[in-house]
Amino acid sequence: MSIASSHIQPCLWFDDDLEEAVRFYTAIFPNSSIDRLGAGAGEFTLDGLTFRAINGGPAFPFSEAVSFAIACEDQGEVDYYWDSLADGGEESVCGWLKDRFGLSWQIVPMRLYELVADPDPQRALAVSRAMLGMRRIVVAELEAAADAVGPR
């Protein structure tokens with residue numbers, strides 16, 4: 001095997017609900033498929049990224065130490081992924097949530113990255129502070145926080 005042909009593939013350890021999780025995720029993300037399921041293991045693709053997964057039992061639950069970030073084009077995408085993945089899960093702060101299987105996600109609008117990179121450090125700080133007070137990130141509120149400091 002050539003090093004150049006290697007690639008990284010996430011492998012997820014579920015308790016005993018692998019099939020339910022795979023069906024849940026592939027219903028949410030575009031360009032997704034269930035590639036193989038059976039005997040407590042599987043492979044599936046979410047928006048072009050292939051995952052491996054196993055039913056390994058309760059020994060190693062998910063934690064926030066690993067999360068998947070979704071960079072969203074607009075508020076509509078933020079809302080779609082937030083509502084879909086939080087269904088049956090647990091909302092956290094700053095755009096983080098845990099889905100019903102305990103997997104952590106960061107739902108982040110691209111506009112946040114633009115605003116915190118503002119050349120005016122006061123505007124960038126105001127945006128960061130606004131984001132820290134949110135659960136779901138709301139672009140209009142980030143923009144309002146920046147504009148409250150002053151126009152660009």
# chains A, B, ... in the order shown; residues from 1 in each chain; ligands from 1
>>> select_by_dssp(residues="chain A", states="strand (DSSP E or B)", output="NGL selection string")
:A and (11-14 or 33-38 or 41-46 or 49-55 or 67-72 or 90-91 or 96-98 or 104-109)
>>> residues_around(residues="Ala59 (chain A)", least_positions_apart="6", cutoff="10 Å", atoms="only C-alpha atoms", output="list in words")
Trp13, Phe14 and Asp15 of chain A
>>> closest_residue(among="A:Ile107, A:Ala144, A:Ile34, A:Val139", to="Ser67 (chain A)", atoms="only C-alpha atoms")
A:Ile107
>>> select_by_dssp(residues="region 62-95 of chain A", states="helix (DSSP H, G or I)", output="list in words")
Gln75, Gly76, Glu77, Val78, Asp79, Tyr80, Tyr81, Trp82, Asp83, Ser84, Leu85 and Ala86 of chain A
>>> atom_distance(atom1="CA of Gln106 (chain A)", atom2="CA of Arg136 (chain A)")
9.5 Å
>>> closest_residue(among="A:Glu90, A:Asp17, A:Asp35, A:Glu77", to="Ile54 (chain A)", atoms="only C-alpha atoms")
A:Asp17
>>> decode(residues="region 3-130 of chain A", atoms="C-alpha atoms", output="compact mmCIF listing (two decimals), in the first residue's frame")
# COMPACT_ATOMS: atom_id res chain seq x y z
CA ILE A 3 1.07 6.17 1.63
CA ALA A 4 -0.38 8.44 -1.05
CA SER A 5 -3.39 6.13 -1.40
CA SER A 6 -4.24 6.17 2.31
CA HIS A 7 -7.14 8.18 3.65
CA ILE A 8 -8.69 8.87 7.00
CA GLN A 9 -12.07 7.36 7.72
CA PRO A 10 -14.00 8.05 10.94
CA CYS A 11 -15.12 4.96 12.82
CA LEU A 12 -18.02 5.36 15.26
CA TRP A 13 -18.71 3.06 18.21
CA PHE A 14 -22.40 2.77 19.00
CA ASP A 15 -23.89 0.88 21.94
CA ASP A 16 -26.45 -1.24 20.08
CA ASP A 17 -28.30 1.19 17.81
CA LEU A 18 -26.02 1.34 14.78
CA GLU A 19 -28.72 0.61 12.21
CA GLU A 20 -31.08 3.24 13.65
CA ALA A 21 -28.25 5.80 13.72
CA VAL A 22 -27.19 5.11 10.15
CA ARG A 23 -30.75 5.52 8.90
CA PHE A 24 -31.12 8.73 10.95
CA TYR A 25 -27.94 10.33 9.59
CA THR A 26 -28.41 9.30 5.95
CA ALA A 27 -31.91 10.79 5.98
CA ILE A 28 -30.51 14.17 7.08
CA PHE A 29 -27.45 14.70 4.90
CA PRO A 30 -27.41 15.09 1.10
CA ASN A 31 -25.23 12.77 -1.01
CA SER A 32 -25.62 10.04 1.60
CA SER A 33 -25.98 6.29 1.39
CA ILE A 34 -26.00 3.15 3.45
CA ASP A 35 -23.14 1.23 1.93
CA ARG A 36 -23.15 -1.89 4.11
CA LEU A 37 -25.02 -2.99 7.23
CA GLY A 38 -24.93 -6.29 9.02
CA ALA A 39 -23.61 -8.31 11.94
CA GLY A 40 -23.22 -5.26 14.19
CA ALA A 41 -21.04 -3.33 11.75
CA GLY A 42 -21.56 -1.05 8.84
CA GLU A 43 -20.34 1.56 6.45
CA PHE A 44 -22.23 4.63 5.37
CA THR A 45 -21.57 7.87 3.52
CA LEU A 46 -22.68 11.34 4.64
CA ASP A 47 -22.32 14.11 2.09
CA GLY A 48 -19.46 12.24 0.42
CA LEU A 49 -17.56 11.27 3.61
CA THR A 50 -17.49 7.55 4.36
CA PHE A 51 -17.84 6.34 7.95
CA ARG A 52 -17.37 2.93 9.48
CA ALA A 53 -19.38 1.99 12.53
CA ILE A 54 -19.86 -0.85 14.97
CA ASN A 55 -22.24 -1.90 17.72
CA GLY A 56 -19.63 -2.25 20.43
CA GLY A 57 -21.70 -2.06 23.58
CA PRO A 58 -21.76 0.58 26.31
CA ALA A 59 -18.04 0.51 27.21
CA PHE A 60 -17.08 3.64 25.23
CA PRO A 61 -19.81 6.27 24.91
CA PHE A 62 -19.36 9.37 22.77
CA SER A 63 -18.12 12.56 24.43
CA GLU A 64 -17.56 16.17 23.39
CA ALA A 65 -13.87 15.34 22.97
CA VAL A 66 -14.78 14.47 19.36
CA SER A 67 -17.37 16.35 17.34
CA PHE A 68 -18.32 16.89 13.73
CA ALA A 69 -18.59 20.48 12.49
CA ILE A 70 -21.01 21.47 9.75
CA ALA A 71 -20.14 24.73 8.00
CA CYS A 72 -23.47 26.21 6.90
CA GLU A 73 -23.99 28.68 4.07
CA ASP A 74 -26.89 30.52 5.70
CA GLN A 75 -29.40 30.56 8.55
CA GLY A 76 -31.67 28.16 6.69
CA GLU A 77 -28.95 25.50 6.70
CA VAL A 78 -28.15 26.20 10.36
CA ASP A 79 -31.81 25.75 11.25
CA TYR A 80 -32.18 22.58 9.15
CA TYR A 81 -29.17 20.80 10.65
CA TRP A 82 -29.88 22.07 14.16
CA ASP A 83 -33.52 20.95 14.13
CA SER A 84 -32.71 17.62 12.47
CA LEU A 85 -29.77 16.60 14.65
CA ALA A 86 -31.16 17.99 17.93
CA ASP A 87 -34.38 15.99 17.51
CA GLY A 88 -34.31 13.62 20.48
CA GLY A 89 -30.90 14.96 21.50
CA GLU A 90 -29.61 17.72 23.73
CA GLU A 91 -28.84 21.33 22.82
CA SER A 92 -25.69 22.86 24.25
CA VAL A 93 -24.11 26.29 23.78
CA CYS A 94 -22.21 28.10 21.01
CA GLY A 95 -23.71 26.02 18.21
CA TRP A 96 -22.99 22.64 19.83
CA LEU A 97 -25.47 19.84 20.33
CA LYS A 98 -25.56 16.13 21.04
CA ASP A 99 -27.80 14.05 18.84
CA ARG A 100 -30.02 11.25 20.17
CA PHE A 101 -27.09 8.81 19.96
CA GLY A 102 -24.78 11.05 22.00
CA LEU A 103 -22.61 12.20 19.08
CA SER A 104 -21.58 15.87 19.29
CA TRP A 105 -22.06 18.29 16.42
CA GLN A 106 -21.09 21.92 15.83
CA ILE A 107 -23.56 23.72 13.57
CA VAL A 108 -21.70 26.83 12.42
CA PRO A 109 -22.71 29.47 9.88
CA MET A 110 -19.87 30.59 7.61
CA ARG A 111 -20.89 34.15 8.46
CA LEU A 112 -19.58 33.62 12.01
CA TYR A 113 -16.07 32.99 10.65
CA GLU A 114 -16.30 36.16 8.55
CA LEU A 115 -17.52 38.29 11.44
CA VAL A 116 -14.92 37.13 13.98
CA ALA A 117 -12.25 37.90 11.37
CA ASP A 118 -13.44 41.52 11.11
CA PRO A 119 -10.46 43.87 10.93
CA ASP A 120 -12.06 45.93 13.73
CA PRO A 121 -11.20 43.97 16.88
CA GLN A 122 -14.13 45.49 18.79
CA ARG A 123 -16.63 44.23 16.22
CA ALA A 124 -15.00 40.79 16.25
CA LEU A 125 -15.12 40.71 20.06
CA ALA A 126 -18.77 41.76 20.12
CA VAL A 127 -19.62 38.91 17.74
CA SER A 128 -17.70 36.40 19.85
CA ARG A 129 -19.48 37.55 22.99
CA ALA A 130 -22.87 37.31 21.28
